[in-house]
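Below: the structure, in structure tokens.
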Amino acid sequence: MNKNAIAVAILCACAGMAQAQSNVSIYGIVDVGLIKGTGSTLQEGKGDFNRLGFRGTEDLGDGLKANFRLEMRFLPDTGTTEANGQRPLFQGRSWVGLSGGFGAIRFGRDMTAVQDAASDFDPFGFQTVGAIDAITGNYMSDTSIASSGNRFSNAVFYSTPVMSGFQVNVSVATKEPLNGVPVVKSNPYSIATVYTGGPLAAMVGYERSTNEDTFLSLNGSYKVGTANLMASYSRFNRVLGVDERNWLVGADIAVATGAIKVGYGQIKPEGSGSDKQYSLGYWHTLSKRTNLYTDVSSRKPAAGKTNNTVDVGIHHTF
Amino acid sequence: MNKNAIAVAILCACAGMAQAQSNVSIYGIVDVGLIKGTGSTLQEGKGDFNRLGFRGTEDLGDGLKANFRLEMRFLPDTGTTEANGQRPLFQGRSWVGLSGGFGAIRFGRDMTAVQDAASDFDPFGFQTVGAIDAITGNYMSDTSIASSGNRFSNAVFYSTPVMSGFQVNVSVATKEPLNGVPVVKSNPYSIATVYTGGPLAAMVGYERSTNEDTFLSLNGSYKVGTANLMASYSRFNRVLGVDERNWLVGADIAVATGAIKVGYGQIKPEGSGSDKQYSLGYWHTLSKRTNLYTDVSSRKPAAGKTNNTVDVGIHHTF
Amino acid sequence: MNKNAIAVAILCACAGMAQAQSNVSIYGIVDVGLIKGTGSTLQEGKGDFNRLGFRGTEDLGDGLKANFRLEMRFLPDTGTTEANGQRPLFQGRSWVGLSGGFGAIRFGRDMTAVQDAASDFDPFGFQTVGAIDAITGNYMSDTSIASSGNRFSNAVFYSTPVMSGFQVNVSVATKEPLNGVPVVKSNPYSIATVYTGGPLAAMVGYERSTNEDTFLSLNGSYKVGTANLMASYSRFNRVLGVDERNWLVGADIAVATGAIKVGYGQIKPEGSGSDKQYSLGYWHTLSKRTNLYTDVSSRKPAAGKTNNTVDVGIHHTF
């Protein structure tokens, strides 16, 4: 054993020891921006959803692993949890589960299969004022105030292994009452089939919300040079009230210093005109973990005045 | 100094450096189960009390140490803090103190001496639907909604060193008002004497709650082969209302792949019949930190219908 | 490369690896004390403001760094967040920003420039019952219940580099409504110029609160031997209501085993008598991170009875 070998062995051992000291790692995002909309004063807000999370993985042998994740969400401009404290402490994710050759199963609270996959087809990834709302329109997986509209509590989440680029993700919630909402009549569920292969990515999703609304989502993206072109169509059928058809097109274009993002979308309620939105953004890379961004978005409702919004901010991942 | 000695020295130094980077370690439990009771829909819930904690120890020299512990509690199926956000952020534990040759003293919020020691005499350790409620019956150390019934806020906690297997734990709370409850007339306190020696363990405890109810608890366990046999008797005297006598017997039997748990208990309010509960569980070991469990429990109140409950879940410690 | 050099190299590498595992470090204070005031029962409380924080720094090259900080505050005697849960989860600090040759800029929530610097001129550092309230009197930077009175939410914080001992810190908040408070008419701001050089330290600060009150703060300290002598004067001008003049003198005297603290202050509302307070404390050092303290404070309002308060407690930093 030569000196270099000793060094390597010790490095590995050290890394191992450091890990053994803690079975949990901390991660998160802090993102603050200044935002100015038509007719309102300059405000401080966020681009991305701010989070502080705790996660861990334990190797159980034979490829089996136990995993958990607990994720707080908060508003960085005031320090409160989301919806001014009305949402759960671990609003983001709160689950424990197993993964292995069979795929992965988790129990608790998380984003639904469809909502989780949809953000890949918004050029803004649901972030900043640029985010094209038309990707899910006014659909909410869970309508209770204590939820964020795109999660299931009291649920089981299963993901198949990736096979030839395909993966199926299923989320099923129980029928138990939640946050004062009476007993759900049927199990809310969400199914998303995701494909990624070479330049192409696609997602077909369908879900039924806690109040039995249904949502169909068709999405695709294709990489041409440094540009990732995206398109999305969705159909939101309400049990009570007006249905919607939503669509968007957009692109995320890598440039030397960061990325340019463009998008256009429409939310069309049945029997009335469309709510139209177009957005343009430039995200400047400072490092793999940190970027500066500026975006402009214009939204013209079927009735009423156009609202233009511009933001500039900093996004930091840890 | 040979190469191996260098390696060992460096390993120790590395471990030390890693510790020096942080004076705090993170620990916790995430446990989610599916639960079905007589006459209710399938629900997602927990077996154990879910927690995310932060703790540290500082060596002050001469055997003296400064210690602290902050422990969040939460419901993993929805991500909220306990009692849907009505309980404190650090509901579990929130204290700082010193330990040394004299024992250990802590100041803040924690489980009372009696409640903390009692879980060792429930074969289910207060966990899962199997937990034998008769171990404390309807007694609550603190009746305010913001508490969990088995803790003191505003308290001093003292533990003697272990002497010949014996340890005495004392908790005394101040008389200050808490959570809108008017001033307490006398100091709530809790005393538990614990003995562990060979196969035998025992605990004698007495406490007076925040509303001056008193609770006497007598507990013993004895290991026979791989089985730990347990028995507990308690007397709950209310200032206002009906007194109770509670008892349970049970066993925690280690098997090759985990543990089998059985228990039977009765809660007997004075002047009426008993509330009877029996439980059976199998907890399957996946690792030292992770297990799967399934339990069934049947509870027959003195009046009214029997409620049968079954659970299956995963328990992960980090 | 000899063996020692290998050891050093590996140590550095190990430390690096341990850091690479996590981009965040945890810090905090847990401080619990027993407090007895005139006419009230013995209570458990705190000396310092208890906190659990998460912070990180990322090197972006060329001296530029990305920084963030998230800081919970809580009451250790009950485990709740401050103001019994009415304040934000990250009440202490919640910000992200950049630092470099230009100074440091942060976006989010933090103490105002003046409030942050003022604690250096109270011999008790705003801690324990000894803290001389006259340093800020009844002035509050933010009067909403959800704030702590000395912070801005929705703000930008800028600090110049230290030049010849001088540093200027500026905080400016947006005019957006917060916590049900209607739109602020003008931007709240805070400017503090701090000087430190040899035995001398000084701070001149001025700020305008969320409800347009103004606050002028003049502070100085001078080290003589092991004593740090302090003096502070402030003028609080209310938009509605009575103005105040406040002043204090005090000393923090290092002794072999810790520090002795003395202070005297007056809060004088215009047109009426002064509220007078004197305090004496001894803080006993157990380590760099841990101390025991005892303090006595006497407060005589212009009208009404004198209130004497004594505390004894433990303060632990991690």
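Numbering starts fresh at 1 for the residues of each chain in the structure tokens, the chains themselves are lettered A, B, ... in the order given, and ligands are numbered from 1 as they appear.
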
- Task: Pick out each residue of range 164-204 of chain C that DSSP on the backbone tags as strand (DSSP E or B); I need them as a PyMOL selection string.
- Result: chain C and resi 166-173+178+181+189-197+200-204

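If we count only C-alpha atoms, these residues of chain C sit within 6 Å of chain B: Gln43, Glu44, Pro76, Asp77, Thr78, Gly79, Thr80 and Phe318 of chain C.
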
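Secondary structure of range 93-197 of chain B, alpha helix (DSSP H) only (DSSP, backbone atoms): B:Ala113, B:Val114, B:Gln115, B:Asp116, B:Ala117, B:Ala118.
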
- Who sits within 12 Å of range 232-239 of chain B, only C-alpha atoms, same chain under 3 positions skipped, as a ChimeraX atom specification: /B:114-115,117-123,132-141,201-221,229,242-251,263-270

- Query: Smallest atom-to-atom distance to Arg73 in chain B: which of B:Arg299, B:Lys46, B:Lys276, B:Lys261, using only C-alpha atoms?
  - Reply: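 Looking at the shortest contact to Arg73 in chain B, the residue is B:Lys46.
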
- Query: CA of Val255 in chain B and CA of Ser279 in chain B are how many Å apart?
  - Reply: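 Result for CA of Val255 in chain B versus CA of Ser279 in chain B: 17.7 Å, one decimal.
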
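CA of Thr226 in chain C to CA of Val30 in chain C spans 27.3 Å [interatomic distance, one decimal].
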
- Separation of CA of Thr128 in chain A and CA of Ser171 in chain A, in Å? 27.3 Å

- Message: Could you list, as JSON, numbers by chain, every residue within 7 Å of Asn291 in chain A, counting only C-alpha atoms and ignoring same-chain residues fewer than 3 positions away?
- Response: {"A": [283, 284, 285, 286, 287, 314, 315, 316]}

Considering only C-alpha atoms, return as a short mmCIF file (atom, residue, chain, number, x, y, z; two decimals) with C-alpha atoms, in the first residue's frame whatever protein or nucleic-acid residues lie within 6 Å of Ile260 in chain B, sequence-local ones (same chain, fewer than 3 positions apart) excluded.
data_model
loop_
_atom_site.label_atom_id
_atom_site.label_comp_id
_atom_site.auth_asym_id
_atom_site.auth_seq_id
_atom_site.Cartn_x
_atom_site.Cartn_y
_atom_site.Cartn_z
CA ASP B 252 -42.57 -8.10 23.58
CA ILE B 253 -41.17 -11.32 22.08
CA GLY B 281 -48.60 -6.88 16.54
CA TYR B 282 -45.76 -8.09 14.39
#
